[in-house]
>>> print(open('work_16.cif').read())   # mmCIF, C-alpha atoms and all ligand atoms
data_data
#
loop_
_atom_site.label_atom_id
_atom_site.label_comp_id
_atom_site.auth_asym_id
_atom_site.auth_seq_id
_atom_site.Cartn_x
_atom_site.Cartn_y
_atom_site.Cartn_z
CA MET A 1 9.64 4.39 13.47
CA HIS A 2 7.41 6.90 11.76
CA ASN A 3 4.00 7.74 13.14
CA ASN A 4 2.87 9.63 10.03
CA VAL A 5 1.85 7.38 7.15
CA ASN A 6 2.30 10.07 4.45
CA GLU A 7 5.81 10.91 5.63
CA LEU A 8 6.77 7.23 5.46
CA PHE A 9 5.50 6.88 1.88
CA ASP A 10 7.05 10.18 0.75
CA ASN A 11 10.43 8.86 1.87
CA LEU A 12 9.86 5.50 0.18
CA TRP A 13 8.82 7.24 -3.08
CA GLN A 14 11.85 9.54 -3.15
CA GLN A 15 14.24 6.65 -2.47
CA TYR A 16 12.53 4.57 -5.18
CA LEU A 17 12.87 7.33 -7.79
CA GLN A 18 16.62 7.59 -7.17
CA VAL A 19 17.13 4.18 -8.83
CA THR A 20 13.97 4.13 -10.98
CA PRO A 21 14.05 7.23 -13.19
CA SER A 22 11.48 5.72 -15.57
CA ALA A 23 8.89 5.76 -12.78
CA GLN A 24 9.03 9.54 -12.56
CA LYS A 25 8.50 9.83 -16.33
CA ILE A 26 5.67 7.27 -16.37
CA HIS A 27 4.06 8.99 -13.40
CA GLN A 28 4.01 12.24 -15.38
CA LEU A 29 2.81 10.50 -18.55
CA LEU A 30 -0.16 8.86 -16.80
CA SER A 31 -1.11 11.55 -14.30
CA GLN A 32 -1.43 14.54 -16.67
CA GLY A 33 -1.07 16.72 -13.59
CA GLU A 34 -3.69 14.84 -11.54
CA ALA A 35 -2.86 12.87 -8.38
CA ILE A 36 -2.16 9.16 -8.80
CA VAL A 37 -3.44 6.72 -6.19
CA ASN A 38 -1.06 3.86 -5.40
CA ASP A 39 -2.59 0.40 -5.18
CA HIS A 40 0.34 -1.09 -3.29
CA ILE A 41 4.06 -1.13 -2.75
CA ALA A 42 6.21 -4.20 -2.21
CA LEU A 43 9.32 -4.89 -0.13
CA ARG A 44 11.63 -7.89 -0.04
CA THR A 45 13.68 -9.47 2.73
CA PHE A 46 15.15 -12.71 4.13
CA ASN A 47 13.44 -14.81 6.79
CA LEU A 48 16.31 -14.53 9.30
CA ALA A 49 14.91 -13.26 12.61
CA LYS A 50 16.78 -9.96 12.75
CA VAL A 51 15.40 -8.68 9.41
CA ASN A 52 12.40 -10.89 8.62
CA LEU A 53 8.99 -9.96 7.22
CA GLU A 54 7.64 -9.07 10.67
CA VAL A 55 10.55 -6.68 11.33
CA LEU A 56 9.61 -4.73 8.17
CA ALA A 57 5.89 -5.05 8.89
CA ALA A 58 6.37 -3.37 12.28
CA HIS A 59 7.20 -0.11 10.47
CA PHE A 60 3.83 -0.19 8.70
CA LYS A 61 1.86 -1.40 11.73
CA ALA A 62 3.25 1.67 13.54
CA VAL A 63 1.39 3.91 11.06
CA GLY A 64 -1.88 1.99 11.20
CA TYR A 65 -1.51 -1.05 8.95
CA GLU A 66 -3.01 -4.47 9.71
CA GLU A 67 -2.23 -7.90 8.28
CA LYS A 68 -4.88 -9.03 5.75
CA GLY A 69 -3.48 -11.89 3.68
CA GLN A 70 -0.80 -14.60 3.48
CA TYR A 71 0.81 -16.12 0.38
CA ASP A 72 3.22 -18.94 -0.47
CA PHE A 73 5.48 -19.06 -3.52
CA ALA A 74 6.76 -22.62 -3.55
CA ALA A 75 9.02 -22.42 -6.63
CA LYS A 76 10.70 -19.19 -5.55
CA LYS A 77 10.78 -20.32 -1.87
CA LEU A 78 9.08 -17.17 -0.62
CA THR A 79 6.46 -16.41 1.98
CA ALA A 80 4.50 -13.14 1.81
CA LYS A 81 1.84 -11.16 3.64
CA HIS A 82 -0.13 -8.11 2.70
CA PHE A 83 -1.19 -5.27 4.98
CA GLU A 84 -3.92 -2.66 4.66
CA HIS A 85 -4.59 0.74 6.18
CA SER A 86 -8.03 1.85 7.38
CA ASP A 87 -7.86 4.64 4.76
CA PRO A 88 -8.48 2.79 1.45
CA ASP A 89 -6.54 5.45 -0.48
CA GLN A 90 -3.33 4.49 1.34
CA PRO A 91 -1.39 1.85 -0.61
CA LYS A 92 -1.58 -1.75 0.46
CA VAL A 93 1.82 -3.10 1.52
CA PHE A 94 3.06 -6.47 0.21
CA ILE A 95 6.09 -7.87 2.05
CA SER A 96 7.84 -11.10 1.08
CA GLU A 97 10.69 -13.04 2.69
CA LEU A 98 13.04 -15.63 1.20
CA ARG A 99 13.06 -18.97 3.04
CA VAL A 100 16.85 -19.04 3.33
CA GLU A 101 17.02 -22.52 4.90
CA GLU A 102 15.59 -24.07 1.70
CA PHE A 103 18.65 -23.00 -0.34
CA SER A 104 22.21 -24.32 -0.74
CA PRO A 105 24.78 -24.04 2.06
CA ALA A 106 26.65 -21.46 -0.08
CA LEU A 107 23.62 -19.16 -0.30
CA GLN A 108 22.81 -19.65 3.38
CA THR A 109 26.37 -18.74 4.35
CA ILE A 110 26.34 -15.50 2.34
CA ILE A 111 22.95 -14.34 3.62
CA THR A 112 23.84 -15.21 7.21
CA GLU A 113 27.07 -13.18 6.88
CA LEU A 114 25.19 -10.17 5.53
CA VAL A 115 22.58 -10.23 8.28
CA GLU A 116 25.28 -10.66 10.95
CA GLN A 117 26.63 -7.24 9.91
CA VAL A 118 23.35 -5.57 10.90
CA ASP A 119 23.10 -3.94 14.32
CA ALA A 120 19.61 -4.86 15.56
CA SER A 121 19.03 -1.25 16.65
CA VAL A 122 18.99 -0.01 13.03
CA THR A 123 16.01 -2.23 12.21
CA THR A 124 13.68 -0.06 14.29
CA ALA A 125 15.10 3.29 13.09
CA ALA A 126 12.58 5.41 11.17
CA ASN A 127 14.53 5.09 7.92
CA PHE A 128 15.16 1.33 8.04
CA VAL A 129 12.63 0.47 5.32
CA TYR A 130 13.96 3.15 2.95
CA ASN A 131 17.68 3.14 3.68
CA GLY A 132 18.87 0.44 1.29
CA ALA A 133 21.18 -2.39 2.29
CA PRO A 134 22.36 -2.29 5.93
CA TRP A 135 25.29 -4.56 5.00
CA GLN A 136 28.25 -4.70 2.61
CA VAL A 137 28.08 -7.30 -0.15
CA SER A 138 30.72 -8.09 -2.78
CA GLN A 139 30.18 -8.54 -6.52
CA GLN A 140 31.31 -12.16 -6.18
CA GLN A 141 28.70 -12.80 -3.49
CA TYR A 142 26.07 -11.09 -5.68
CA GLN A 143 26.94 -13.34 -8.64
CA THR A 144 26.87 -16.46 -6.45
CA LEU A 145 23.41 -15.52 -5.17
CA LEU A 146 22.20 -14.62 -8.68
CA ALA A 147 23.03 -18.10 -9.96
CA GLU A 148 20.60 -19.58 -7.43
CA SER A 149 17.97 -16.92 -6.71
CA GLU A 150 17.42 -13.65 -8.52
CA TYR A 151 15.40 -12.51 -5.49
CA ALA A 152 18.29 -13.23 -3.10
CA ALA A 153 20.74 -11.30 -5.29
CA TRP A 154 18.40 -8.31 -5.70
CA THR A 155 17.69 -8.12 -1.98
CA ALA A 156 21.37 -8.43 -1.06
CA ALA A 157 22.29 -5.60 -3.45
CA TRP A 158 19.40 -3.18 -2.87
CA GLY A 159 18.23 -4.00 0.63
CA TYR A 160 15.29 -2.16 2.10
CA ARG A 161 13.25 0.01 -0.24
CA ALA A 162 10.08 -0.20 -2.31
CA ASN A 163 10.83 -2.84 -4.95
CA HIS A 164 7.93 -1.28 -6.86
CA PHE A 165 5.12 1.20 -6.56
CA THR A 166 1.83 0.31 -8.25
CA VAL A 167 -0.64 2.63 -9.96
CA HIS A 168 -4.26 1.90 -9.02
CA VAL A 169 -5.72 1.92 -12.55
CA ASN A 170 -9.37 2.12 -11.38
CA LYS A 171 -8.56 5.49 -9.83
CA LEU A 172 -6.56 6.79 -12.81
CA LYS A 173 -8.37 9.50 -14.77
CA GLY A 174 -8.64 9.06 -18.53
CA TYR A 175 -8.03 5.30 -18.67
CA GLN A 176 -10.80 2.74 -19.09
CA ASP A 177 -8.73 -0.30 -18.18
CA LEU A 178 -5.29 -1.84 -17.79
CA GLU A 179 -5.10 -2.58 -21.52
CA ALA A 180 -5.34 1.16 -22.25
CA VAL A 181 -2.56 1.91 -19.75
CA ASN A 182 -0.34 -0.77 -21.30
CA ASP A 183 -0.96 0.67 -24.80
CA THR A 184 0.12 4.13 -23.63
CA LEU A 185 3.26 2.71 -22.03
CA LYS A 186 4.24 0.68 -25.10
CA GLN A 187 3.62 3.61 -27.44
CA ALA A 188 5.95 5.66 -25.25
CA GLY A 189 8.61 2.96 -25.67
CA TYR A 190 8.52 1.24 -22.26
CA ARG A 191 9.23 -2.48 -22.06
CA LEU A 192 6.64 -4.52 -20.16
CA ASN A 193 7.23 -7.76 -18.27
CA THR A 194 5.84 -10.48 -20.56
CA SER A 195 6.43 -13.46 -18.24
CA GLY A 196 3.02 -15.13 -18.04
CA GLY A 197 1.69 -12.61 -20.59
CA GLU A 198 1.64 -8.82 -20.48
CA ILE A 199 -1.41 -8.95 -18.21
CA LYS A 200 -1.29 -11.29 -15.23
CA GLY A 201 -4.63 -12.32 -13.72
CA SER A 202 -8.14 -11.66 -15.02
CA GLU A 203 -11.58 -10.40 -14.07
CA GLU A 204 -12.34 -13.94 -12.80
CA VAL A 205 -9.66 -13.64 -10.09
CA LEU A 206 -10.67 -9.99 -9.49
CA LEU A 207 -7.23 -8.56 -10.22
CA LYS A 208 -5.28 -7.76 -13.38
CA GLN A 209 -1.65 -6.61 -13.15
CA SER A 210 1.13 -5.54 -15.48
CA SER A 211 4.56 -4.05 -14.90
CA THR A 212 7.55 -2.53 -16.61
CA MET A 213 10.86 -4.36 -16.59
CA ALA A 214 13.15 -2.92 -13.92
CA ASP A 215 15.40 0.02 -14.71
CA THR A 216 19.16 -0.47 -14.54
CA ALA A 217 21.01 1.50 -11.87
CA VAL A 218 24.43 1.63 -10.25
CA ALA A 219 24.66 -0.45 -7.08
CA SER A 220 27.54 -0.10 -4.62
CA PHE A 221 29.37 -3.28 -3.76
CA SER A 222 32.23 -3.65 -1.28
CA ASP A 223 34.58 -4.06 -4.27
CA GLY A 224 33.17 -1.38 -6.56
CA ASP A 225 30.07 -0.25 -8.43
CA LEU A 226 28.06 -2.33 -10.88
CA ASP A 227 25.03 -1.65 -13.11
CA ILE A 228 22.25 -4.10 -12.21
CA PRO A 229 18.41 -4.24 -12.43
CA SER A 230 16.87 -1.93 -9.82
CA CYS A 231 13.14 -1.34 -9.41
CA PHE A 232 10.06 -1.34 -11.65
CA TYR A 233 6.60 0.23 -11.87
CA GLU A 234 3.42 -1.83 -11.65
CA PHE A 235 -0.20 -1.22 -12.72
CA ALA A 236 -3.22 -2.90 -11.14
CA GLN A 237 -6.89 -3.01 -12.05
CA ARG A 238 -9.23 -4.47 -9.44
CA TYR A 239 -12.78 -5.85 -9.62
CA ASN A 240 -15.56 -5.98 -7.07
CA LEU A 241 -16.48 -8.92 -4.87
CA PRO A 242 -20.11 -10.15 -4.97
CA ASN A 243 -20.81 -7.83 -2.00
CA GLY A 244 -19.90 -4.82 -4.17
CA GLN A 245 -16.62 -4.09 -2.37
CA GLU A 246 -13.37 -3.92 -4.30
CA TYR A 247 -11.17 -7.01 -3.94
CA THR A 248 -8.09 -5.99 -1.96
CA GLY A 249 -6.08 -9.22 -1.97
CA PHE A 250 -3.32 -10.54 -4.22
CA VAL A 251 -3.23 -13.47 -6.64
CA ALA A 252 -0.20 -15.68 -5.99
CA ALA A 253 0.02 -16.99 -9.58
CA SER A 254 0.23 -13.40 -10.88
CA ALA A 255 2.61 -12.13 -8.19
CA ASP A 256 4.87 -15.07 -9.00
CA LYS A 257 5.38 -13.64 -12.50
CA ILE A 258 5.62 -10.03 -11.32
CA PHE A 259 8.65 -11.02 -9.20
CA GLU A 260 10.46 -11.68 -12.51
CA SER A 261 10.36 -7.98 -13.43
CA THR A 262 13.81 -7.63 -11.85
CA ASN A 263 15.32 -10.50 -13.86
CA THR A 264 18.52 -9.61 -15.66
CA LYS A 265 17.09 -10.76 -19.03
NI NI B 1 3.09 -5.70 -6.85
#
>>> encode(input="work_16.cif", output="structure tokens", more="lines below")
Ligand code: NI
Amino acid sequence: MHNNVNELFDNLWQQYLQVTPSAQKIHQLLSQGEAIVNDHIALRTFNLAKVNLEVLAAHFKAVGYEEKGQYDFAAKKLTAKHFEHSDPDQPKVFISELRVEEFSPALQTIITELVEQVDASVTTAANFVYNGAPWQVSQQQYQTLLAESEYAAWTAAWGYRANHFTVHVNKLKGYQDLEAVNDTLKQAGYRLNTSGGEIKGSEEVLLKQSSTMADTAVASFSDGDLDIPSCFYEFAQRYNLPNGQEYTGFVAASADKIFESTNTK
């Protein structure tokens, strides 16, 4: 595992850009040469012991992260936690896991087969969280998973990587609010996720979020390559708690809609 937090995120960012070319262009469009602060990144996994949320979390705990929040997504059958670093300019880390046992025997069989291919020793290697899928999956398996859970299919195809990076809009120079960022993105021709509205959340819940729809990229399957949705870019504006400190948590109702940014339609 890494012991340098910046090295870990540099690797995650480079891996993310390989399948998310729009993120590089949006980064340039919004930054105007200034640094961009990331609000958070998100990773996805399955709740099977060898690769579960805690296995991914260990890579972030090793560079100073601590657990700060827990979330349940009943409809999507997901459990999530978020982690924070003592340096508030380091991105928060949001990790979710699919509750495999709540799905059909067919889905459970496929996911169990994939995870059985993983040698436990690779899950503690420094590159585990940015090395993609540690298993081989076929296009047929992908389609079977997709029919039941978009999340399961995405995670089987793309494995371990940042599913998205998120611009911290409060710390973005030249933009008053999330609405202004969205306007710039739309004028430049980017498609935003409109599930639950372009902006998820509100000042009342202390967090507003928007995101692009995922890029399309070539994924390698055991029986050939296929173009499928890859990763997306997110934008978050946060508000202060009554004590004057910025709210650092997540809003489950909003995150539920953000998950749909990798939908095929
Ligand atoms: Ni997010």
>>> atom_distance(input="work_16.cif", atom1="CA of Ala75 (chain A)", atom2="CA of Ala57 (chain A)")
23.5 Å
>>> residues_around(input="work_16.cif", residues="Lys171 (chain A)", least_positions_apart="2", cutoff="8 Å", atoms="all atoms listed in the file", output="ChimeraX atom specification")
/A:36-37,168-169,173
>>> residues_around(input="work_16.cif", residues="Gln15 (chain A)", least_positions_apart="6", cutoff="12 Å", atoms="all atoms listed in the file", output="JSON, numbers by chain")
{"A": [8, 9, 21, 23, 24, 127, 128, 129, 130, 131, 132, 158, 159, 160, 161, 162, 163, 164, 165, 230, 231]}
>>> closest_atom_pairs(input="work_16.cif", of="chain A", to="ligand NI 1 (chain B)", cutoff="8 Å", atoms="all atoms listed in the file", output="CSV")
residue,atom,partner,partner_atom,distance
A:His40,CA,B:NI1,NI,6.4
A:Ile41,CA,B:NI1,NI,6.2
A:Ala42,CA,B:NI1,NI,5.8
A:Phe94,CA,B:NI1,NI,7.1
A:His164,CA,B:NI1,NI,6.6
A:Phe165,CA,B:NI1,NI,7.2
A:Thr166,CA,B:NI1,NI,6.3
A:Gln209,CA,B:NI1,NI,7.9
A:Glu234,CA,B:NI1,NI,6.2
A:Ala255,CA,B:NI1,NI,6.6
A:Ile258,CA,B:NI1,NI,6.7
>>> atom_distance(input="work_16.cif", atom1="CA of Glu97 (chain A)", atom2="CA of Asp256 (chain A)")
13.2 Å
>>> atom_distance(input="work_16.cif", atom1="CA of Ala35 (chain A)", atom2="CA of Gly174 (chain A)")
12.3 Å
>>> closest_residue(input="work_16.cif", among="A:Thr212, A:Thr184, A:Gln90, A:Ser104", to="Asn4 (chain A)", atoms="all atoms listed in the file")
A:Gln90
>>> closest_residue(input="work_16.cif", among="A:Phe232, A:Phe221, A:Phe83, A:Trp135", to="Phe259 (chain A)", atoms="only C-alpha atoms")
A:Phe232
>>> closest_residue(input="work_16.cif", among="A:Asp39, A:Asp87, A:Asp183, A:Asp223", to="Leu207 (chain A)", atoms="only C-alpha atoms")
A:Asp39
>>> closest_atom_pairs(input="work_16.cif", of="region 149-232 of chain A", to="region 239-249 of chain A", cutoff="9 Å", atoms="all atoms listed in the file", output="tab-separated table")
residue	atom	partner	partner_atom	distance
A:Asn170	CA	A:Tyr239	CA	8.8
A:Glu203	CA	A:Tyr239	CA	6.5
A:Glu204	CA	A:Tyr239	CA	8.7
A:Val205	CA	A:Tyr239	CA	8.4
A:Leu206	CA	A:Tyr239	CA	4.6
A:Leu207	CA	A:Tyr239	CA	6.2
A:Lys208	CA	A:Tyr239	CA	8.6
>>> write_last_selection(input="work_16.cif", atoms="C-alpha atoms", output="short mmCIF file (atom, residue, chain, number, x, y, z; two decimals), in the coordinates of the input")
data_model
loop_
_atom_site.label_atom_id
_atom_site.label_comp_id
_atom_site.auth_asym_id
_atom_site.auth_seq_id
_atom_site.Cartn_x
_atom_site.Cartn_y
_atom_site.Cartn_z
CA ASN A 170 -9.37 2.12 -11.38
CA GLU A 203 -11.58 -10.40 -14.07
CA GLU A 204 -12.34 -13.94 -12.80
CA VAL A 205 -9.66 -13.64 -10.09
CA LEU A 206 -10.67 -9.99 -9.49
CA LEU A 207 -7.23 -8.56 -10.22
CA LYS A 208 -5.28 -7.76 -13.38
#
>>> closest_residue(input="work_16.cif", among="A:Leu12, A:Met1, A:Ala80, A:Leu17", to="Phe60 (chain A)", atoms="all atoms listed in the file")
A:Met1
>>> residues_near_point(input="work_16.cif", point="(27.1, -11.2, -2.7)", cutoff="10 Å", atoms="only C-alpha atoms", output="JSON, numbers by chain")
{"A": [107, 110, 111, 113, 114, 136, 137, 138, 139, 140, 141, 142, 143, 144, 145, 146, 152, 153, 154, 155, 156, 157, 221, 222]}
>>> write_last_selection(input="work_16.cif", atoms="C-alpha atoms", output="tab-separated table (two decimals), in the frame of the given file")
chain	number	residue	atom	x	y	z
A	107	LEU	CA	23.62	-19.16	-0.30
A	110	ILE	CA	26.34	-15.50	2.34
A	111	ILE	CA	22.95	-14.34	3.62
A	113	GLU	CA	27.07	-13.18	6.88
A	114	LEU	CA	25.19	-10.17	5.53
A	136	GLN	CA	28.25	-4.70	2.61
A	137	VAL	CA	28.08	-7.30	-0.15
A	138	SER	CA	30.72	-8.09	-2.78
A	139	GLN	CA	30.18	-8.54	-6.52
A	140	GLN	CA	31.31	-12.16	-6.18
A	141	GLN	CA	28.70	-12.80	-3.49
A	142	TYR	CA	26.07	-11.09	-5.68
A	143	GLN	CA	26.94	-13.34	-8.64
A	144	THR	CA	26.87	-16.46	-6.45
A	145	LEU	CA	23.41	-15.52	-5.17
A	146	LEU	CA	22.20	-14.62	-8.68
A	152	ALA	CA	18.29	-13.23	-3.10
A	153	ALA	CA	20.74	-11.30	-5.29
A	154	TRP	CA	18.40	-8.31	-5.70
A	155	THR	CA	17.69	-8.12	-1.98
A	156	ALA	CA	21.37	-8.43	-1.06
A	157	ALA	CA	22.29	-5.60	-3.45
A	221	PHE	CA	29.37	-3.28	-3.76
A	222	SER	CA	32.23	-3.65	-1.28
>>> closest_residue(input="work_16.cif", among="A:Thr264, A:Asp119, A:Phe235, A:Asn6", to="Ala217 (chain A)", atoms="all atoms listed in the file")
A:Thr264
>>> closest_residue(input="work_16.cif", among="A:Gln18, A:Gln108, A:Glu34, A:Lys61", to="Leu48 (chain A)", atoms="all atoms listed in the file")
A:Gln108
